[in-house]
$ cat query.pdb   # PDB, C-alpha atoms
MODEL        1
ATOM      1  CA  MET Q1426      32.781  34.856-162.497
ATOM      2  CA  PRO Q1427      29.456  35.514-164.271
ATOM      3  CA  PRO Q1428      28.563  33.875-167.566
ATOM      4  CA  HIS Q1429      30.091  35.853-170.390
ATOM      5  CA  GLN Q1430      31.047  35.765-174.001
ATOM      6  CA  ALA Q1431      34.400  37.545-173.943
ATOM      7  CA  SER Q1432      37.491  35.503-173.215
ATOM      8  CA  ASP Q1433      38.628  35.015-169.639
ATOM      9  CA  MET Q1434      41.706  37.124-170.421
ATOM     10  CA  VAL Q1435      39.511  40.198-170.951
ATOM     11  CA  TRP Q1436      37.984  39.652-167.510
ATOM     12  CA  TYR Q1437      41.353  39.051-165.830
ATOM     13  CA  ALA Q1438      42.850  42.162-167.458
ATOM     14  CA  ASP Q1439      39.848  44.208-166.271
ATOM     15  CA  LEU Q1440      39.012  45.232-169.849
ATOM     16  CA  ILE Q1441      35.381  44.150-169.738
ATOM     17  CA  GLY Q1442      32.793  46.658-170.896
ATOM     18  CA  ARG Q1443      30.151  48.008-168.565
ATOM     19  CA  ASN Q1444      26.653  49.254-169.301
ATOM     20  CA  LYS Q1445      25.203  52.517-167.991
ATOM     21  CA  ASP Q1446      24.362  50.769-164.688
ATOM     22  CA  GLY Q1447      27.952  49.573-164.280
ATOM     23  CA  LYS Q1448      27.097  45.925-164.958
ATOM     24  CA  PRO Q1449      29.412  43.869-167.211
ATOM     25  CA  THR Q1450      28.304  43.684-170.835
ATOM     26  CA  GLY Q1451      30.059  40.372-171.470
ATOM     27  CA  TRP Q1452      32.233  41.993-174.152
ATOM     28  CA  ALA Q1453      35.538  43.847-174.079
ATOM     29  CA  ASP Q1454      35.454  47.614-173.568
ATOM     30  CA  MET Q1455      36.995  48.587-176.889
ATOM     31  CA  ASP Q1456      37.085  51.281-179.510
ATOM     32  CA  PRO Q1457      35.048  49.699-182.333
ATOM     33  CA  ARG Q1458      36.904  51.616-185.068
ATOM     34  CA  TYR Q1459      40.494  50.925-183.989
ATOM     35  CA  PHE Q1460      40.030  47.568-182.161
ATOM     36  CA  THR Q1461      41.969  48.833-179.123
ATOM     37  CA  ALA Q1462      40.961  48.563-175.479
ATOM     38  CA  ARG Q1463      39.544  51.849-174.192
ATOM     39  CA  GLY Q1464      41.585  51.535-171.012
ATOM     40  CA  ASP Q1465      44.866  50.726-172.785
ATOM     41  CA  ASP Q1466      45.365  51.545-176.463
ATOM     42  CA  SER Q1467      48.392  49.258-176.581
ATOM     43  CA  VAL Q1468      46.001  46.286-176.305
ATOM     44  CA  CYS Q1469      44.131  45.096-179.412
ATOM     45  CA  ILE Q1470      40.846  43.267-178.977
ATOM     46  CA  LEU Q1471      40.197  40.763-181.735
ATOM     47  CA  GLU Q1472      37.310  38.551-182.798
ATOM     48  CA  GLY Q1473      35.738  36.522-179.965
ATOM     49  CA  SER Q1474      35.920  39.243-177.312
ATOM     50  CA  MET Q1475      34.704  42.096-179.505
ATOM     51  CA  GLY Q1476      31.307  43.569-178.825
ATOM     52  CA  ALA Q1477      29.138  45.468-181.270
ATOM     53  CA  LEU Q1478      31.128  47.288-183.930
ATOM     54  CA  SER Q1479      28.297  49.343-185.338
ATOM     55  CA  PRO Q1480      24.801  50.454-184.377
ATOM     56  CA  HIS Q1481      23.779  49.439-187.915
ATOM     57  CA  PHE Q1482      24.812  45.776-187.893
ATOM     58  CA  GLY Q1483      25.807  45.145-184.276
ATOM     59  CA  HIS Q1484      28.245  42.305-183.675
ATOM     60  CA  CYS Q1485      30.446  40.963-186.412
ATOM     61  CA  PRO Q1486      30.061  37.308-187.314
ATOM     62  CA  LYS Q1487      32.642  35.188-185.513
ATOM     63  CA  SER Q1488      34.697  33.327-188.080
ATOM     64  CA  GLY Q1489      38.240  32.479-189.090
ATOM     65  CA  HIS Q1490      37.898  34.831-192.034
ATOM     66  CA  GLY Q1491      36.787  37.652-189.726
ATOM     67  CA  ALA Q1492      39.586  37.022-187.237
ATOM     68  CA  ASN Q1493      42.170  37.052-190.027
ATOM     69  CA  TYR Q1494      40.800  40.242-191.560
ATOM     70  CA  ILE Q1495      40.572  42.106-188.240
ATOM     71  CA  GLY Q1496      44.059  40.900-187.291
ATOM     72  CA  ARG Q1497      45.405  42.414-190.504
ATOM     73  CA  ILE Q1498      43.604  45.703-189.852
ATOM     74  CA  ALA Q1499      44.952  45.817-186.277
ATOM     75  CA  ALA Q1500      48.489  45.022-187.480
ATOM     76  CA  GLY Q1501      48.237  47.819-190.041
ATOM     77  CA  ASN Q1502      47.052  50.211-187.332
ATOM     78  CA  ILE Q1503      50.004  49.259-185.115
ATOM     79  CA  GLY Q1504      52.383  49.885-188.015
ATOM     80  CA  GLN Q1505      50.838  53.297-188.653
ATOM     81  CA  ARG Q1506      51.194  54.242-184.979
ATOM     82  CA  VAL Q1507      54.833  53.071-184.830
ATOM     83  CA  ARG Q1508      55.645  55.134-187.929
ATOM     84  CA  GLY Q1509      53.948  58.201-186.413
ATOM     85  CA  GLU Q1510      51.236  58.240-189.088
ATOM     86  CA  ASP Q1511      47.555  58.951-188.597
ATOM     87  CA  VAL Q1512      45.761  55.688-187.930
ATOM     88  CA  VAL Q1513      43.234  54.915-190.642
ATOM     89  CA  ALA Q1514      40.127  53.339-189.160
ATOM     90  CA  ASP Q1515      38.775  50.445-191.199
ATOM     91  CA  LEU Q1516      36.140  47.767-190.799
ATOM     92  CA  GLN Q1517      36.298  44.136-191.753
ATOM     93  CA  ASP Q1518      34.478  42.674-194.667
ATOM     94  CA  ASN Q1519      32.161  39.735-194.246
ATOM     95  CA  LEU Q1520      32.485  36.516-196.165
ATOM     96  CA  CYS Q1521      29.766  33.977-195.607
ATOM     97  CA  TYR Q1522      29.392  30.476-197.086
ATOM     98  CA  MET Q1523      25.927  28.968-197.046
ATOM     99  CA  LEU Q1524      24.621  25.547-197.958
ATOM    100  CA  VAL Q1525      21.765  26.376-200.323
ATOM    101  CA  ASN Q1526      20.686  22.887-201.266
ATOM    102  CA  GLY Q1527      21.450  19.582-199.570
ATOM    103  CA  SER Q1528      20.884  17.391-202.607
ATOM    104  CA  PRO Q1529      22.491  17.985-204.988
ATOM    105  CA  HIS Q1530      24.973  19.937-202.895
ATOM    106  CA  ARG Q1531      25.044  23.590-203.804
ATOM    107  CA  ARG Q1532      26.850  26.306-201.943
ATOM    108  CA  SER Q1533      26.619  30.043-202.153
ATOM    109  CA  ARG Q1534      29.085  32.687-201.085
ATOM    110  CA  SER Q1535      28.350  36.290-200.247
ATOM    111  CA  GLY Q1536      30.647  39.010-199.079
ATOM    112  CA  SER Q1537      30.443  42.683-198.334
ATOM    113  CA  PRO Q1538      32.275  45.342-196.367
ATOM    114  CA  MET Q1539      30.710  46.050-192.972
ATOM    115  CA  ARG Q1540      30.264  49.804-193.215
TER     116      ARG Q1540
ENDMDL
END
$ encode --input "query.pdb" --output "structure tokens"
Amino acid sequence: MPPHQASDMVWYADLIGRNKDGKPTGWADMDPRYFTARGDDSVCILEGSMGALSPHFGHCPKSGHGANYIGRIAAGNIGQRVRGEDVVADLQDNLCYMLVNGSPHRRSRSGSPMR
């Protein structure tokens, strides 16, 4: 198996994305607005296996906050589908903590929706 960034499960399930030459991208082949696999919309792709979500900001930062937020969006989408409602596409927000100064310790927090 070639080096990759998506989880092994994505490779084993044959859900890996391919570029225009048919070579693996290293990321799941997914709908970036609904977080579902293109080959099977009953499969949600979350966090570590997700490729670029937007041509504007590319890949989302990999974090516990991001995984939680995307999991909640995906769960909401599943609920909408089960109820027969239109699925509302949404994007995660980004929350980032940074160490601004080592001594004295100062931290900064920034957050924004990824739109």
$ residues_around --input "query.pdb" --residues "segment 1437-1443 of chain Q" --least-positions-apart "5" --cutoff "8 Å" --atoms "all atoms listed in the file" --output "VMD selection string"
chain Q and resid 1431 1448 to 1455 1462 to 1464
$ closest_residue --input "query.pdb" --among "Q:Trp1436, Q:Pro1457, Q:Val1512, Q:Lys1445" --to "Ala1500 of chain Q" --atoms "all atoms listed in the file"
Q:Val1512
$ atom_distance --input "query.pdb" --atom1 "atom CA of Asn1493 of chain Q" --atom2 "atom CA of Asp1433 of chain Q"
20.8 Å
$ atom_distance --input "query.pdb" --atom1 "atom CA of Thr1461 of chain Q" --atom2 "atom CA of Ala1499 of chain Q"
8.3 Å
$ closest_residue --input "query.pdb" --among "Q:Gly1447, Q:Asp1466, Q:Met1475, Q:Gly1504" --to "Val1435 of chain Q" --atoms "only C-alpha atoms"
Q:Met1475
$ atom_distance --input "query.pdb" --atom1 "atom CA of Ala1492 of chain Q" --atom2 "atom CA of Gln1505 of chain Q"
19.8 Å
$ closest_residue --input "query.pdb" --among "Q:Val1507, Q:Gly1473, Q:His1490, Q:Phe1460" --to "Met1434 of chain Q" --atoms "only C-alpha atoms"
Q:Gly1473
$ decode --input "query.pdb" --residues "segment 1441-1453 of chain Q" --atoms "all heavy atoms" --output "PDB file, in the first residue's frame"
ATOM      1  N   ILE Q1441     -10.973   5.711  -1.659  1.00  0.00           N
ATOM      2  CA  ILE Q1441      -9.888   6.671  -1.817  1.00  0.00           C
ATOM      3  C   ILE Q1441     -10.125   7.508  -3.068  1.00  0.00           C
ATOM      4  O   ILE Q1441     -10.628   7.013  -4.071  1.00  0.00           O
ATOM      5  CB  ILE Q1441      -8.510   5.956  -1.865  1.00  0.00           C
ATOM      6  CG1 ILE Q1441      -7.378   6.915  -1.533  1.00  0.00           C
ATOM      7  CG2 ILE Q1441      -8.273   5.272  -3.195  1.00  0.00           C
ATOM      8  CD1 ILE Q1441      -7.343   7.328  -0.096  1.00  0.00           C
ATOM      9  N   GLY Q1442      -9.813   8.793  -2.968  1.00  0.00           N
ATOM     10  CA  GLY Q1442      -9.964   9.675  -4.119  1.00  0.00           C
ATOM     11  C   GLY Q1442      -8.888   9.421  -5.156  1.00  0.00           C
ATOM     12  O   GLY Q1442      -7.824   8.882  -4.859  1.00  0.00           O
ATOM     13  N   ARG Q1443      -9.174   9.812  -6.362  1.00  0.00           N
ATOM     14  CA  ARG Q1443      -8.229   9.655  -7.469  1.00  0.00           C
ATOM     15  C   ARG Q1443      -8.110  10.984  -8.202  1.00  0.00           C
ATOM     16  O   ARG Q1443      -9.090  11.705  -8.346  1.00  0.00           O
ATOM     17  CB  ARG Q1443      -8.709   8.589  -8.436  1.00  0.00           C
ATOM     18  CG  ARG Q1443      -8.985   7.265  -7.748  1.00  0.00           C
ATOM     19  CD  ARG Q1443      -8.065   6.194  -8.213  1.00  0.00           C
ATOM     20  NE  ARG Q1443      -8.261   4.990  -7.397  1.00  0.00           N
ATOM     21  CZ  ARG Q1443      -7.259   4.298  -6.917  1.00  0.00           C
ATOM     22  NH1 ARG Q1443      -6.028   4.661  -7.157  1.00  0.00           N
ATOM     23  NH2 ARG Q1443      -7.474   3.225  -6.194  1.00  0.00           N
ATOM     24  N   ASN Q1444      -6.912  11.278  -8.688  1.00  0.00           N
ATOM     25  CA  ASN Q1444      -6.730  12.506  -9.458  1.00  0.00           C
ATOM     26  C   ASN Q1444      -7.117  12.260 -10.913  1.00  0.00           C
ATOM     27  O   ASN Q1444      -7.577  11.165 -11.265  1.00  0.00           O
ATOM     28  CB  ASN Q1444      -5.300  13.039  -9.315  1.00  0.00           C
ATOM     29  CG  ASN Q1444      -4.260  12.120  -9.936  1.00  0.00           C
ATOM     30  OD1 ASN Q1444      -4.552  11.253 -10.763  1.00  0.00           O
ATOM     31  ND2 ASN Q1444      -3.008  12.305  -9.529  1.00  0.00           N
ATOM     32  N   LYS Q1445      -6.936  13.253 -11.758  1.00  0.00           N
ATOM     33  CA  LYS Q1445      -7.360  13.124 -13.158  1.00  0.00           C
ATOM     34  C   LYS Q1445      -6.614  12.018 -13.905  1.00  0.00           C
ATOM     35  O   LYS Q1445      -7.097  11.514 -14.906  1.00  0.00           O
ATOM     36  CB  LYS Q1445      -7.217  14.453 -13.880  1.00  0.00           C
ATOM     37  CG  LYS Q1445      -5.794  14.955 -13.964  1.00  0.00           C
ATOM     38  CD  LYS Q1445      -5.722  16.306 -14.621  1.00  0.00           C
ATOM     39  CE  LYS Q1445      -4.260  16.755 -14.592  1.00  0.00           C
ATOM     40  NZ  LYS Q1445      -4.083  18.074 -15.072  1.00  0.00           N
ATOM     41  N   ASP Q1446      -5.437  11.628 -13.404  1.00  0.00           N
ATOM     42  CA  ASP Q1446      -4.669  10.533 -14.006  1.00  0.00           C
ATOM     43  C   ASP Q1446      -5.018   9.179 -13.409  1.00  0.00           C
ATOM     44  O   ASP Q1446      -4.418   8.171 -13.766  1.00  0.00           O
ATOM     45  CB  ASP Q1446      -3.167  10.789 -13.851  1.00  0.00           C
ATOM     46  CG  ASP Q1446      -2.718  12.069 -14.532  1.00  0.00           C
ATOM     47  OD1 ASP Q1446      -3.265  12.382 -15.611  1.00  0.00           O
ATOM     48  OD2 ASP Q1446      -1.837  12.758 -13.983  1.00  0.00           O
ATOM     49  N   GLY Q1447      -5.951   9.149 -12.467  1.00  0.00           N
ATOM     50  CA  GLY Q1447      -6.363   7.903 -11.838  1.00  0.00           C
ATOM     51  C   GLY Q1447      -5.483   7.468 -10.678  1.00  0.00           C
ATOM     52  O   GLY Q1447      -5.674   6.390 -10.122  1.00  0.00           O
ATOM     53  N   LYS Q1448      -4.537   8.311 -10.285  1.00  0.00           N
ATOM     54  CA  LYS Q1448      -3.650   7.970  -9.167  1.00  0.00           C
ATOM     55  C   LYS Q1448      -4.305   8.380  -7.847  1.00  0.00           C
ATOM     56  O   LYS Q1448      -4.997   9.391  -7.778  1.00  0.00           O
ATOM     57  CB  LYS Q1448      -2.301   8.671  -9.323  1.00  0.00           C
ATOM     58  CG  LYS Q1448      -1.547   8.181 -10.539  1.00  0.00           C
ATOM     59  CD  LYS Q1448      -0.206   8.838 -10.633  1.00  0.00           C
ATOM     60  CE  LYS Q1448       0.511   8.282 -11.867  1.00  0.00           C
ATOM     61  NZ  LYS Q1448       1.819   8.847 -12.035  1.00  0.00           N
ATOM     62  N   PRO Q1449      -4.085   7.603  -6.784  1.00  0.00           N
ATOM     63  CA  PRO Q1449      -4.683   7.928  -5.480  1.00  0.00           C
ATOM     64  C   PRO Q1449      -4.227   9.293  -4.971  1.00  0.00           C
ATOM     65  O   PRO Q1449      -3.057   9.645  -5.088  1.00  0.00           O
ATOM     66  CB  PRO Q1449      -4.171   6.823  -4.556  1.00  0.00           C
ATOM     67  CG  PRO Q1449      -3.709   5.733  -5.454  1.00  0.00           C
ATOM     68  CD  PRO Q1449      -3.293   6.375  -6.735  1.00  0.00           C
ATOM     69  N   THR Q1450      -5.168  10.035  -4.423  1.00  0.00           N
ATOM     70  CA  THR Q1450      -4.854  11.357  -3.866  1.00  0.00           C
ATOM     71  C   THR Q1450      -4.310  11.259  -2.450  1.00  0.00           C
ATOM     72  O   THR Q1450      -3.691  12.198  -1.965  1.00  0.00           O
ATOM     73  CB  THR Q1450      -6.113  12.239  -3.816  1.00  0.00           C
ATOM     74  OG1 THR Q1450      -7.063  11.628  -2.942  1.00  0.00           O
ATOM     75  CG2 THR Q1450      -6.701  12.452  -5.195  1.00  0.00           C
ATOM     76  N   GLY Q1451      -4.587  10.146  -1.771  1.00  0.00           N
ATOM     77  CA  GLY Q1451      -4.209  10.024  -0.365  1.00  0.00           C
ATOM     78  C   GLY Q1451      -5.325  10.456   0.566  1.00  0.00           C
ATOM     79  O   GLY Q1451      -5.171  10.405   1.782  1.00  0.00           O
ATOM     80  N   TRP Q1452      -6.448  10.891   0.016  1.00  0.00           N
ATOM     81  CA  TRP Q1452      -7.590  11.350   0.805  1.00  0.00           C
ATOM     82  C   TRP Q1452      -8.847  10.634   0.325  1.00  0.00           C
ATOM     83  O   TRP Q1452      -8.921  10.184  -0.813  1.00  0.00           O
ATOM     84  CB  TRP Q1452      -7.780  12.856   0.658  1.00  0.00           C
ATOM     85  CG  TRP Q1452      -6.587  13.635   1.060  1.00  0.00           C
ATOM     86  CD1 TRP Q1452      -5.638  14.177   0.232  1.00  0.00           C
ATOM     87  CD2 TRP Q1452      -6.158  13.936   2.380  1.00  0.00           C
ATOM     88  NE1 TRP Q1452      -4.671  14.804   0.960  1.00  0.00           N
ATOM     89  CE2 TRP Q1452      -4.972  14.675   2.282  1.00  0.00           C
ATOM     90  CE3 TRP Q1452      -6.684  13.661   3.646  1.00  0.00           C
ATOM     91  CZ2 TRP Q1452      -4.285  15.138   3.404  1.00  0.00           C
ATOM     92  CZ3 TRP Q1452      -6.005  14.131   4.751  1.00  0.00           C
ATOM     93  CH2 TRP Q1452      -4.828  14.859   4.623  1.00  0.00           C
ATOM     94  N   ALA Q1453      -9.845  10.575   1.173  1.00  0.00           N
ATOM     95  CA  ALA Q1453     -11.105   9.931   0.801  1.00  0.00           C
ATOM     96  C   ALA Q1453     -11.772  10.690  -0.336  1.00  0.00           C
ATOM     97  O   ALA Q1453     -11.671  11.912  -0.437  1.00  0.00           O
ATOM     98  CB  ALA Q1453     -12.041   9.877   2.002  1.00  0.00           C
TER      99      ALA Q1453
END
